[in-house]
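Engineer: Below is a structure I'd like to ask you about.
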Amino acid sequence: MASSSSSKHKKIGEEEEENDEEEEDTAEEYEVFDDFTIASSWERFISDIEASCRQWLADGSKNLVDKGAEALDRYKNLYRVKKELKYGGKAYSMEFNFVKPVTARASCWDDDLHNMQLSFGVDDFLVIAPLSANGVVLDDPESTKLLSSVAIALSNCGSNWPAFVPVHDPSRKAYIGIQNMGANFTRRFEADRIASQVPVRLMHLEGLYELFISKFVLSTTDFSTNYFKVQFAMRLTYETPPYDYDQEEILESEIEDSVETETSETTTSSRIKKQWDDGCPWTEWYSAEDPIQGFDLTAIWRSRTIEGSHEMAELENTSSFDAEHWLLTPIIYRDMVDDSISKFIGFASQIRLLISAFDTSFGAQFLEDFVAAENTGSDNSKSTANVPPPTVLDRVLKELFLDGTSSNANAQLENRNSRVIKGAPLQSLFAQFCLHALWFGNCSIRAIAVLWIDFVREIRWYWEESEPLPKVSSNGTIDLSCCILHQKLQMLAICIERKRSRENDQTFFDCEKEDGISSNKVKVHKDLLSGPPIDNIDSSLISDDSKRKMKLSNSSDQKKFDKTRRGSAGIVQSMMLLDSFEEMHAPYTQSAPLMTEDMHEERLHAAEALGNTMGFSGQLEKDILSSDMSAFKAANPNAVFEDFIRWHSPGDWETDDTDSSSVNKLNWPPKGRLSQRMSEHGNLWHKIWNESPALPISEQKPLLDPVREGEKVMHYLETLRPQQLLKQMICTAFRACAGILNQTSYGGFKLMKTKVDQLYVTLGSSLKFLQGKQHNDKDELVGDLKQLCTVFEHIEKLVILAASIYRKLADAPRLSEAIFTDYFNFYLPKMGTGLTSICYDKEFDTKQEVKIRERDAVAAMFPPPSVNQSWRKVLSMGNLLNGHEPTQREIIFSVNDTVSNSHYGNKISVNGDEEVETYHMYLRGTSNDLWAALSVTSWD
């Protein structure tokens with residue numbers, strides 16, 4: 001026997017040597033052990049499955065996560081690990097899906113549940129499928145063998161994980177599965193789909209209930225005589241129909257037609273179809289695709305006990321308003337998530353083209369170079385060299401120079417931070433030019449050059465014809481916080497206004513208007529003015545005491561005196577001349593000469609070149625002071641230097657009187673004196689007073705020559721370098737576009753308002769480098785500007801989305817802001833500053849709870865079907881919402897039973913009783929598509 005045994009072992013060893021030389025080498029070092037329990041390929045397959053499962057069991061969920069288990073993005077606590085296996089020449093993938101430990105199990109309708117968890121009522125689960133294109137097992141014996149292999153392996157491991165195998169055609173989404181519940185029970189799973197010709201009885205809740213009952217009722221007794229306590233839960237999903245923005249208009253016209261049939265021809269005239277964003281501030285420039293394509297409304301009935309099919313019939317006729325919960329989810333337009341360049345057409349995309357034109361502008365010194373047809377330019381210039389026809393150009397110029405709102409009319413609508421951007425106000429002429437340029441000829445450098453040249457030519461006409469410049473304020477001030485171009489246009493508008501006054505009328509009062517008179521001194525002392533010029537003073541207005549003290553003794557002297565007084569703006573109340581005791585008159589004075597920012601810089605550079613900055617500045621002040629003194633002398637012929645100081649610089653007059661009404665007393669003149677600086681020997685003011693002739697401003701040389709300054713502005717506009725123009729256009733375009741978005745009504749969403757405020761700050765700080773005279777790296781500058789466009793595009797998308805949400809849910813402000821906040825937090829990771837799109841495939845599916853008081857506002861988005869939709873009268877399912885059936889219905893039936901250690905389904909309790917879910921059926925679908933998953937617990 002020993003010899004026989006030895007020979008057998010020898011024979012085996014020889015076979016192993018022939019079949020596997022590598023194994024023989026190992027046998028020389030280690031003792032050989034042959035496991036005959038896995039001699040067959042199927043046994044080895046089971047062993048491989050068991051080994052993987054044992055490893056996963058040993059690691060536990062926490063260690064598996066730490067080792068890099070794949071997180072399923074859509075589900076917060078679900079992870080996956082995979083293992084590839086081979087059997088019979090085929091490759092299989094085994095996936096273990098497990099839940100990270102949480103405090104409580106998710107409810108049946110929780111969005112964190114995987115489809116397999118929801119369908120079969122499980123937590124952790126295995127799925128084994130072939131590594132093929134369809135990923136399903138088409139052969140029944142193969143699927144049975146796979147499922148048996150996993151069941152044996154899990155049993156060997158002592159694991160109770162449920163295992164599933166996808167079977168049949170992939171479109172059916174069919175599964176078979178098994179779960180070992182211990183020594184006594186086994187759970188079996190099955191799922192399949194009816195994609196067409198769903199039986200009528202399965203379109204209704206009563207029929208679905210009877211289908212579930214049939215799975216565990218063994219008798220053929222009629223259902224109506226049997227009552228079972230079944231747990232029922234339902235979730236209905238409704239999708240808002242496409243909103244017809246013309247619906248209200250059509251209804252109104254129908255009413256008018258029914259009332260006034262004789263005017264039917266006018267009421268049936270063609271109408272322009274309304275868009276969702278009609279009335280939004282950006283629609284003047286482009287129409288945005290509605291970012292909210294619709295809403296999904298989910299109505300949920302939590303678990304309730306059903307004792308008969310008649311209850312299901314009643315529930316089907318119940319209104320959706322009776323559902324325990326309503327959840328609302330917006331359907332987001334895909335382009336709102338896709339950040340591909342040129343995908344979203346709006347202000348940001350056009351400013352990006354403007355930046356490309358700025359990049360091209362470095363190739364020439366004059367804008368005319370880009371207009372010439374023979375100019376080759378860069379490749380970018382040639383690719384976008386098309387310019388709209390003259391008719392389009394004429395239309396744009398007419399819109400630009402159309403008399404309309406002044407630049408200051410809508411200043412209150414601009415964001416408080418808008419002035420940090422050195423551009424032009426939104427309604428100003430230059431800002432409107434920039435906005436038109438964004439959409440003119442695809443914003444190429446050649447199109448901009450053509451538009452600018454004609455724009456300047458039109459301005460030249462307004463200047464030569466002395467016509468008021470539209471959309472430019474001429475109120476006598478220049479806003480130095482704006483760009484130079486806007487300042488120049490303001491200067492030109494003021495020059496045109498003064499030039500018009502000089503040309504139209506040369507009378508005294510018109511001359512006062514001609515020089516842009518708005519005396520600062522009159523403004524400072526406006527509370528002291530007591531009336532019109534002395535020529536028109538009513539004698540009854542002069543007190544008896546004043547008349548008695550006046551040195552004018554007769555009417556002839558009065559007339560002579562009136563003829564010598566010139567340029568009076570009115571009497572200064574409670575002030576008399578010191579030497580003559582006459583009432584003091586405030587003169588009209590010239591305003592200080594207006595200067596743009598570059599003019600200030602030129603004067604400063606000139607003064608620095610002369611080496612006497614203070615002297616140069618003092619000369620300008622001396623000219624202004626001399627003009628004021630001359631005007632004061634003309635208005636008060638008998639005035640002395642002290643009178644001028646008392647009116648012009650009250651702080652330099654020191655008085656001993658404590659009674660401010662001393663002019664009404666006999667102790668005249670009042671006791672007072674000049675301040676120390678005014679009384680010093682050789683005082684400059686006193687010297688200027690002595691040298692200044694008595695001339696009203698109508699006879700003075702203007703401090704600002706409107707003709708000369710206007711021609712300087714025109715020269716600047718006509719010789720502006722391309723780079724200088726494009727830099728100012730970029731700043732103004734950003735400010736104007738941000739101003740348009742800032743006017744959007746979105747219900748005051750706090751996050752949106754904060755983000756818009758931050759946008760202005762970001763634009764202001766980022767565009768400062770454009771104010772420099774030179775830039776070391778053009779490519780870096782252009783790259784930074786394009787990054788700024790990306791930031792702007794994110795905000796633009798959010799503003800449009802906020803407006804869409806608010807318009808649809810204006811009657812539910814809390815809900816609309818909550819939905820926007822959800823999307824804002826979802827979108828926030830995308831809001832970087834990079835030029836490339838961030839890979840972000842996650843879809844927005846967050847649901848927001850609808851409060852009871854908000855349900856009417858949500859239901860209003862489901863208007864009843866119109867007469868033209870009469871086909872909807874033939875409906876297959878109940879639970880209608882304003883006549884609309886659900887787009888998807890999900891139902892869970894389940895039965896819990898008491899299971900003992902001895903047998904299943906016995907109501908007699910013994911030790912170790914446990915309440916388990918013995919039957920579970922999940923149904924999902926519509927009237928022509930039904931998917932069902934069944935789970936049955938049985939005693940084996």
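Starting from 1 in every chain, residues are counted up; chains themselves are A, B, ... following the order of the structure tokens, and ligands are numbered from 1 as listed.
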May I have the residues within 12 Å of Val392 of chain A as a compact mmCIF listing (two decimals) with N, CA, C and O atoms, in the first residue's frame, using only C-alpha atoms and disregarding those fewer than 6 positions away in the same chain?

Structural biologist:
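What follows is the written file selection_23.txt:
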# COMPACT_ATOMS: atom_id res chain seq x y z
N LYS A 398 -27.77 106.91 -35.16
CA LYS A 398 -29.02 107.57 -34.79
C LYS A 398 -29.42 107.22 -33.37
O LYS A 398 -29.90 108.08 -32.62
N GLU A 399 -29.24 105.97 -33.00
CA GLU A 399 -29.56 105.57 -31.63
C GLU A 399 -28.63 106.24 -30.63
O GLU A 399 -29.05 106.63 -29.54
N HIS A 436 -22.74 99.67 -27.89
CA HIS A 436 -23.04 99.40 -29.29
C HIS A 436 -21.85 98.75 -29.99
O HIS A 436 -22.03 97.87 -30.84
N ALA A 437 -20.65 99.18 -29.64
CA ALA A 437 -19.46 98.62 -30.28
C ALA A 437 -19.31 97.14 -29.97
O ALA A 437 -18.77 96.37 -30.78
N TRP A 439 -21.48 94.90 -30.00
CA TRP A 439 -22.33 94.09 -30.88
C TRP A 439 -22.22 94.53 -32.33
O TRP A 439 -22.96 94.03 -33.18
N PHE A 440 -21.30 95.45 -32.63
CA PHE A 440 -21.17 95.98 -33.99
C PHE A 440 -20.05 95.24 -34.71
O PHE A 440 -18.88 95.30 -34.30
N GLY A 441 -20.41 94.51 -35.78
CA GLY A 441 -19.39 93.82 -36.56
C GLY A 441 -18.57 92.82 -35.78
O GLY A 441 -17.36 92.70 -35.98
N ALA A 447 -14.15 97.04 -37.24
CA ALA A 447 -15.50 97.55 -37.03
C ALA A 447 -15.50 98.68 -36.01
O ALA A 447 -16.21 99.68 -36.16
N VAL A 450 -14.18 101.85 -37.71
CA VAL A 450 -15.19 102.47 -38.59
C VAL A 450 -16.24 103.19 -37.75
O VAL A 450 -16.62 104.34 -38.05
N LEU A 451 -16.71 102.56 -36.72
CA LEU A 451 -17.73 103.17 -35.88
C LEU A 451 -17.20 104.41 -35.17
O LEU A 451 -17.88 105.43 -35.08

Engineer: As a PyMOL selection string, please: the residues near segment 155-171 of chain A (cut-off 7 Å, only C-alpha atoms, same-chain neighbours under 4 positions excluded).

Structural biologist: chain A and resi 50+54+124-129+134+136-138+143+147+150-151+175-181

Engineer: Within 10 Å of Val850 of chain A, counting only C-alpha atoms, which residues show up once you throw out same-chain ones fewer than 4 positions away? Write them as a ChimeraX atom specification, please.

Structural biologist: /A:297-299,325-328,812,814-815,854-855,857-858

Engineer: Name all residues at most 9 Å from segment 724-735 of chain A (count only C-alpha atoms; drop same-chain ones fewer than 5 positions away) and give them as a tab-separated table (two decimals) with all heavy atoms, in the first residue's frame.

Structural biologist:
chain	number	residue	atom	x	y	z
A	347	PHE	N	-22.79	89.63	-22.34
A	347	PHE	CA	-21.84	90.73	-22.24
A	347	PHE	C	-20.40	90.21	-22.12
A	347	PHE	O	-19.48	90.77	-22.72
A	347	PHE	CB	-22.17	91.61	-21.03
A	347	PHE	CG	-23.42	92.42	-21.21
A	347	PHE	CD1	-24.41	92.43	-20.23
A	347	PHE	CD2	-23.63	93.17	-22.35
A	347	PHE	CE1	-25.57	93.18	-20.38
A	347	PHE	CE2	-24.79	93.92	-22.52
A	347	PHE	CZ	-25.76	93.92	-21.54
A	348	ALA	N	-20.21	89.16	-21.33
A	348	ALA	CA	-18.85	88.65	-21.11
A	348	ALA	C	-18.23	88.17	-22.41
A	348	ALA	O	-17.04	88.43	-22.68
A	348	ALA	CB	-18.88	87.52	-20.08
A	351	ILE	N	-17.25	91.30	-24.46
A	351	ILE	CA	-16.08	91.99	-23.90
A	351	ILE	C	-14.81	91.20	-24.20
A	351	ILE	O	-13.74	91.78	-24.41
A	351	ILE	CB	-16.26	92.21	-22.38
A	351	ILE	CG1	-17.44	93.14	-22.10
A	351	ILE	CG2	-14.99	92.81	-21.77
A	351	ILE	CD1	-17.73	93.35	-20.63
A	354	LEU	N	-13.79	92.30	-27.42
A	354	LEU	CA	-13.21	93.64	-27.31
A	354	LEU	C	-11.76	93.56	-26.85
A	354	LEU	O	-10.90	94.32	-27.31
A	354	LEU	CB	-14.05	94.48	-26.35
A	354	LEU	CG	-13.59	95.93	-26.11
A	354	LEU	CD1	-13.64	96.72	-27.40
A	354	LEU	CD2	-14.46	96.59	-25.04
A	355	ILE	N	-11.47	92.64	-25.94
A	355	ILE	CA	-10.09	92.46	-25.46
A	355	ILE	C	-9.22	91.94	-26.59
A	355	ILE	O	-8.05	92.33	-26.72
A	355	ILE	CB	-10.08	91.52	-24.25
A	355	ILE	CG1	-10.79	92.19	-23.06
A	355	ILE	CG2	-8.66	91.14	-23.86
A	355	ILE	CD1	-11.05	91.26	-21.90
A	357	ALA	N	-9.67	92.66	-29.70
A	357	ALA	CA	-9.44	93.85	-30.53
A	357	ALA	C	-8.36	94.72	-29.90
A	357	ALA	O	-7.53	95.31	-30.61
A	357	ALA	CB	-10.74	94.62	-30.69
A	358	PHE	N	-8.36	94.82	-28.59
A	358	PHE	CA	-7.31	95.58	-27.89
A	358	PHE	C	-5.94	94.96	-28.15
A	358	PHE	O	-4.94	95.67	-28.38
A	358	PHE	CB	-7.61	95.60	-26.39
A	358	PHE	CG	-6.51	96.17	-25.55
A	358	PHE	CD1	-6.12	97.49	-25.67
A	358	PHE	CD2	-5.86	95.37	-24.62
A	358	PHE	CE1	-5.10	98.00	-24.89
A	358	PHE	CE2	-4.84	95.87	-23.83
A	358	PHE	CZ	-4.46	97.20	-23.97
A	361	SER	N	-4.88	96.05	-31.47
A	361	SER	CA	-4.67	97.49	-31.64
A	361	SER	C	-3.21	97.90	-31.52
A	361	SER	O	-2.85	99.00	-31.93
A	361	SER	CB	-5.50	98.26	-30.60
A	361	SER	OG	-4.99	98.05	-29.29
A	418	SER	N	-19.80	101.69	-8.23
A	418	SER	CA	-19.51	101.79	-9.66
A	418	SER	C	-18.39	102.79	-9.94
A	418	SER	O	-17.66	102.64	-10.92
A	418	SER	CB	-20.77	102.20	-10.42
A	418	SER	OG	-21.23	103.48	-10.00
A	419	ARG	N	-18.23	103.79	-9.09
A	419	ARG	CA	-17.23	104.82	-9.36
A	419	ARG	C	-15.80	104.33	-9.16
A	419	ARG	O	-14.85	105.03	-9.52
A	419	ARG	CB	-17.49	106.04	-8.46
A	419	ARG	CG	-18.83	106.72	-8.74
A	419	ARG	CD	-19.07	107.87	-7.79
A	419	ARG	NE	-18.18	108.98	-8.03
A	419	ARG	CZ	-18.41	109.95	-8.91
A	419	ARG	NH1	-19.51	109.94	-9.63
A	419	ARG	NH2	-17.55	110.93	-9.07
A	421	ILE	N	-14.62	102.01	-10.80
A	421	ILE	CA	-14.20	101.66	-12.16
A	421	ILE	C	-14.07	102.96	-12.95
A	421	ILE	O	-15.04	103.70	-13.10
A	421	ILE	CB	-15.22	100.74	-12.84
A	421	ILE	CG1	-15.47	99.50	-11.98
A	421	ILE	CG2	-14.73	100.34	-14.22
A	421	ILE	CD1	-16.58	98.62	-12.48
A	422	LYS	N	-12.90	103.24	-13.46
A	422	LYS	CA	-12.66	104.50	-14.15
A	422	LYS	C	-13.14	104.40	-15.59
A	422	LYS	O	-12.37	104.31	-16.54
A	422	LYS	CB	-11.18	104.87	-14.10
A	422	LYS	CG	-10.91	106.36	-14.31
A	422	LYS	CD	-9.48	106.70	-13.99
A	422	LYS	CE	-9.21	108.18	-14.17
A	422	LYS	NZ	-10.02	109.03	-13.26
A	423	GLY	N	-14.45	104.40	-15.72
A	423	GLY	CA	-15.08	104.36	-17.03
A	423	GLY	C	-16.02	105.53	-17.18
A	423	GLY	O	-15.75	106.63	-16.70
A	424	ALA	N	-17.15	105.28	-17.83
A	424	ALA	CA	-18.16	106.32	-18.01
A	424	ALA	C	-19.49	105.81	-17.47
A	424	ALA	O	-19.75	104.61	-17.49
A	424	ALA	CB	-18.30	106.68	-19.49
A	425	PRO	N	-20.33	106.71	-16.95
A	425	PRO	CA	-21.64	106.29	-16.43
A	425	PRO	C	-22.46	105.59	-17.51
A	425	PRO	O	-22.31	105.84	-18.71
A	425	PRO	CB	-22.30	107.60	-15.99
A	425	PRO	CG	-21.16	108.54	-15.76
A	425	PRO	CD	-20.10	108.16	-16.75
A	426	LEU	N	-23.33	104.70	-17.07
A	426	LEU	CA	-24.07	103.82	-17.98
A	426	LEU	C	-24.82	104.59	-19.06
A	426	LEU	O	-24.76	104.22	-20.24
A	426	LEU	CB	-25.04	102.95	-17.17
A	426	LEU	CG	-26.00	102.08	-17.97
A	426	LEU	CD1	-25.23	101.12	-18.88
A	426	LEU	CD2	-26.92	101.31	-17.04
A	430	PHE	N	-20.51	108.07	-24.19
A	430	PHE	CA	-19.39	107.16	-24.45
A	430	PHE	C	-19.71	105.74	-23.99
A	430	PHE	O	-19.33	104.76	-24.64
A	430	PHE	CB	-18.12	107.67	-23.77
A	430	PHE	CG	-16.92	106.80	-24.05
A	430	PHE	CD1	-16.48	106.59	-25.34
A	430	PHE	CD2	-16.24	106.18	-23.01
A	430	PHE	CE1	-15.38	105.78	-25.60
A	430	PHE	CE2	-15.14	105.37	-23.26
A	430	PHE	CZ	-14.71	105.18	-24.56
A	431	ALA	N	-20.42	105.60	-22.87
A	431	ALA	CA	-20.80	104.27	-22.42
A	431	ALA	C	-21.74	103.61	-23.42
A	431	ALA	O	-21.61	102.41	-23.72
A	431	ALA	CB	-21.47	104.35	-21.04
A	432	GLN	N	-22.67	104.37	-23.98
A	432	GLN	CA	-23.56	103.82	-24.98
A	432	GLN	C	-22.80	103.46	-26.26
A	432	GLN	O	-23.11	102.46	-26.92
A	432	GLN	CB	-24.68	104.82	-25.30
A	432	GLN	CG	-25.64	105.06	-24.14
A	432	GLN	CD	-26.38	103.81	-23.74
A	432	GLN	OE1	-27.03	103.17	-24.55
A	432	GLN	NE2	-26.29	103.45	-22.47
A	433	PHE	N	-21.79	104.26	-26.58
A	433	PHE	CA	-20.95	103.91	-27.74
A	433	PHE	C	-20.26	102.57	-27.51
A	433	PHE	O	-20.21	101.71	-28.41
A	433	PHE	CB	-19.90	105.01	-27.96
A	433	PHE	CG	-18.82	104.62	-28.93
A	433	PHE	CD1	-19.02	104.74	-30.30
A	433	PHE	CD2	-17.61	104.10	-28.48
A	433	PHE	CE1	-18.03	104.36	-31.19
A	433	PHE	CE2	-16.62	103.72	-29.36
A	433	PHE	CZ	-16.83	103.86	-30.74
A	434	CYS	N	-19.72	102.37	-26.32
A	434	CYS	CA	-19.03	101.11	-26.02
A	434	CYS	C	-19.98	99.92	-26.09
A	434	CYS	O	-19.62	98.85	-26.59
A	434	CYS	CB	-18.38	101.19	-24.63
A	434	CYS	SG	-17.03	102.39	-24.53
A	435	LEU	N	-21.19	100.09	-25.58
A	435	LEU	CA	-22.16	99.00	-25.62
A	435	LEU	C	-22.53	98.65	-27.06
A	435	LEU	O	-22.64	97.47	-27.42
A	435	LEU	CB	-23.41	99.38	-24.82
A	435	LEU	CG	-23.22	99.42	-23.29
A	435	LEU	CD1	-24.45	100.03	-22.63
A	435	LEU	CD2	-22.98	98.01	-22.75
A	438	LEU	N	-19.77	96.69	-28.79
A	438	LEU	CA	-19.66	95.28	-28.44
A	438	LEU	C	-20.41	94.39	-29.42
A	438	LEU	O	-20.01	93.24	-29.65
A	438	LEU	CB	-20.21	95.05	-27.03
A	438	LEU	CG	-19.42	95.64	-25.86
A	438	LEU	CD1	-20.13	95.34	-24.55
A	438	LEU	CD2	-18.00	95.09	-25.82
A	482	CYS	N	-14.24	109.68	-13.72
A	482	CYS	CA	-14.54	108.93	-14.94
A	482	CYS	C	-13.32	108.91	-15.85
A	482	CYS	O	-12.30	109.56	-15.59
A	482	CYS	CB	-15.73	109.56	-15.66
A	482	CYS	SG	-17.28	109.45	-14.72
A	483	CYS	N	-13.43	108.19	-16.95
A	483	CYS	CA	-12.32	108.08	-17.89
A	483	CYS	C	-12.12	109.41	-18.62
A	483	CYS	O	-13.00	110.28	-18.64
A	483	CYS	CB	-12.58	106.96	-18.88
A	483	CYS	SG	-14.02	107.20	-19.93
A	484	ILE	N	-10.94	109.57	-19.22
A	484	ILE	CA	-10.61	110.82	-19.88
A	484	ILE	C	-11.59	111.13	-21.01
A	484	ILE	O	-11.99	112.29	-21.19
A	484	ILE	CB	-9.17	110.75	-20.44
A	484	ILE	CG1	-8.17	110.56	-19.30
A	484	ILE	CG2	-8.83	112.02	-21.23
A	484	ILE	CD1	-8.10	111.70	-18.34
A	485	LEU	N	-12.01	110.11	-21.75
A	485	LEU	CA	-12.92	110.35	-22.87
A	485	LEU	C	-14.24	110.95	-22.41
A	485	LEU	O	-14.78	111.87	-23.04
A	485	LEU	CB	-13.16	109.04	-23.62
A	485	LEU	CG	-12.43	108.89	-24.95
A	485	LEU	CD1	-12.51	107.47	-25.48
A	485	LEU	CD2	-12.98	109.87	-25.96
A	740	ILE	N	-25.82	97.48	-16.09
A	740	ILE	CA	-27.05	96.89	-16.62
A	740	ILE	C	-27.48	95.71	-15.77
A	740	ILE	O	-28.65	95.56	-15.40
A	740	ILE	CB	-26.84	96.47	-18.09
A	740	ILE	CG1	-26.67	97.72	-18.96
A	740	ILE	CG2	-28.00	95.63	-18.58
A	740	ILE	CD1	-26.31	97.42	-20.39
A	760	TYR	N	-17.96	94.68	-8.55
A	760	TYR	CA	-17.49	96.06	-8.78
A	760	TYR	C	-16.11	96.27	-8.16
A	760	TYR	O	-15.23	96.89	-8.77
A	760	TYR	CB	-18.49	97.06	-8.19
A	760	TYR	CG	-19.64	97.37	-9.11
A	760	TYR	CD1	-20.86	96.74	-8.97
A	760	TYR	CD2	-19.52	98.31	-10.12
A	760	TYR	CE1	-21.93	97.03	-9.80
A	760	TYR	CE2	-20.57	98.61	-10.96
A	760	TYR	CZ	-21.77	97.97	-10.79
A	760	TYR	OH	-22.82	98.26	-11.63
A	763	LEU	N	-13.57	94.46	-10.32
A	763	LEU	CA	-13.33	95.17	-11.57
A	763	LEU	C	-12.49	96.43	-11.33
A	763	LEU	O	-11.56	96.72	-12.08
A	763	LEU	CB	-14.66	95.55	-12.22
A	763	LEU	CG	-15.51	94.40	-12.77
A	763	LEU	CD1	-16.85	94.93	-13.28
A	763	LEU	CD2	-14.79	93.66	-13.88
A	764	GLY	N	-12.83	97.16	-10.27
A	764	GLY	CA	-12.10	98.39	-9.99
A	764	GLY	C	-10.62	98.14	-9.73
A	764	GLY	O	-9.75	98.84	-10.25
A	767	LEU	N	-8.78	96.61	-13.02
A	767	LEU	CA	-8.64	97.47	-14.19
A	767	LEU	C	-7.72	98.65	-13.96
A	767	LEU	O	-7.48	99.44	-14.88
A	767	LEU	CB	-10.02	97.97	-14.63
A	767	LEU	CG	-10.97	96.91	-15.20
A	767	LEU	CD1	-12.35	97.49	-15.43
A	767	LEU	CD2	-10.42	96.33	-16.48
A	770	LEU	N	-4.79	99.19	-16.27
A	770	LEU	CA	-5.00	99.76	-17.60
A	770	LEU	C	-4.77	101.27	-17.62
A	770	LEU	O	-4.67	101.86	-18.70
A	770	LEU	CB	-6.42	99.46	-18.07
A	770	LEU	CG	-6.67	98.14	-18.81
A	770	LEU	CD1	-8.11	98.03	-19.22
A	770	LEU	CD2	-5.77	98.01	-20.01
A	771	GLN	N	-4.73	101.89	-16.44
A	771	GLN	CA	-4.56	103.34	-16.38
A	771	GLN	C	-3.11	103.75	-16.58
A	771	GLN	O	-2.81	104.91	-16.80
A	771	GLN	CB	-5.07	103.88	-15.03
A	771	GLN	CG	-6.46	103.43	-14.66
A	771	GLN	CD	-7.49	103.78	-15.71
A	771	GLN	OE1	-7.45	104.85	-16.30
A	771	GLN	NE2	-8.42	102.86	-15.97
A	789	CYS	N	-12.86	88.54	-17.63
A	789	CYS	CA	-14.08	88.20	-18.38
A	789	CYS	C	-14.72	86.94	-17.84
A	789	CYS	O	-15.94	86.84	-17.76
A	789	CYS	CB	-13.74	88.01	-19.86
A	789	CYS	SG	-13.71	89.53	-20.79
A	792	PHE	N	-16.52	87.80	-14.73
A	792	PHE	CA	-17.73	88.54	-15.07
A	792	PHE	C	-18.80	87.60	-15.60
A	792	PHE	O	-19.99	87.75	-15.29
A	792	PHE	CB	-17.40	89.61	-16.12
A	792	PHE	CG	-18.51	90.57	-16.38
A	792	PHE	CD1	-18.61	91.77	-15.68
A	792	PHE	CD2	-19.50	90.30	-17.32
A	792	PHE	CE1	-19.64	92.65	-15.90
A	792	PHE	CE2	-20.54	91.17	-17.56
A	792	PHE	CZ	-20.60	92.35	-16.85

Engineer: As a VMD selection string, list the residues of segment 613-841 of chain A assigned to strand (DSSP E or B) by DSSP on the backbone atoms of this structure.

Structural biologist: chain A and resid 653 to 655 672 to 674

Engineer: Could you write those residues out with N, CA and C atoms, as a tab-separated table (two decimals), in the first residue's frame?

Structural biologist:
chain	number	residue	atom	x	y	z
A	653	TRP	N	-12.26	138.79	8.55
A	653	TRP	CA	-12.78	140.05	9.12
A	653	TRP	C	-13.12	139.81	10.59
A	654	GLU	N	-12.42	140.47	11.46
A	654	GLU	CA	-12.59	140.33	12.89
A	654	GLU	C	-13.41	141.50	13.40
A	655	THR	N	-14.56	141.19	14.00
A	655	THR	CA	-15.46	142.24	14.48
A	655	THR	C	-15.55	142.22	16.00
A	672	GLY	N	-14.66	146.85	13.65
A	672	GLY	CA	-14.05	145.63	13.15
A	672	GLY	C	-12.75	145.95	12.43
A	673	ARG	N	-12.04	144.91	12.04
A	673	ARG	CA	-10.75	145.08	11.39
A	673	ARG	C	-10.41	143.83	10.59
A	674	LEU	N	-9.44	144.01	9.69
A	674	LEU	CA	-8.96	142.90	8.91
A	674	LEU	C	-8.12	141.96	9.77

Engineer: How far is it from atom CA of Ile213 of chain A to atom CA of Thr318 of chain A, in Å with one decimal?

Structural biologist: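 Computing it gives 22.2 Å between the two atoms.
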
Engineer: I'd like the contact shell of Gln743 of chain A - 10 Å cut-off, only C-alpha atoms, skipping same-chain residues fewer than 6 positions apart - returned as a ChimeraX atom specification.

Structural biologist: /A:280-282,413-415
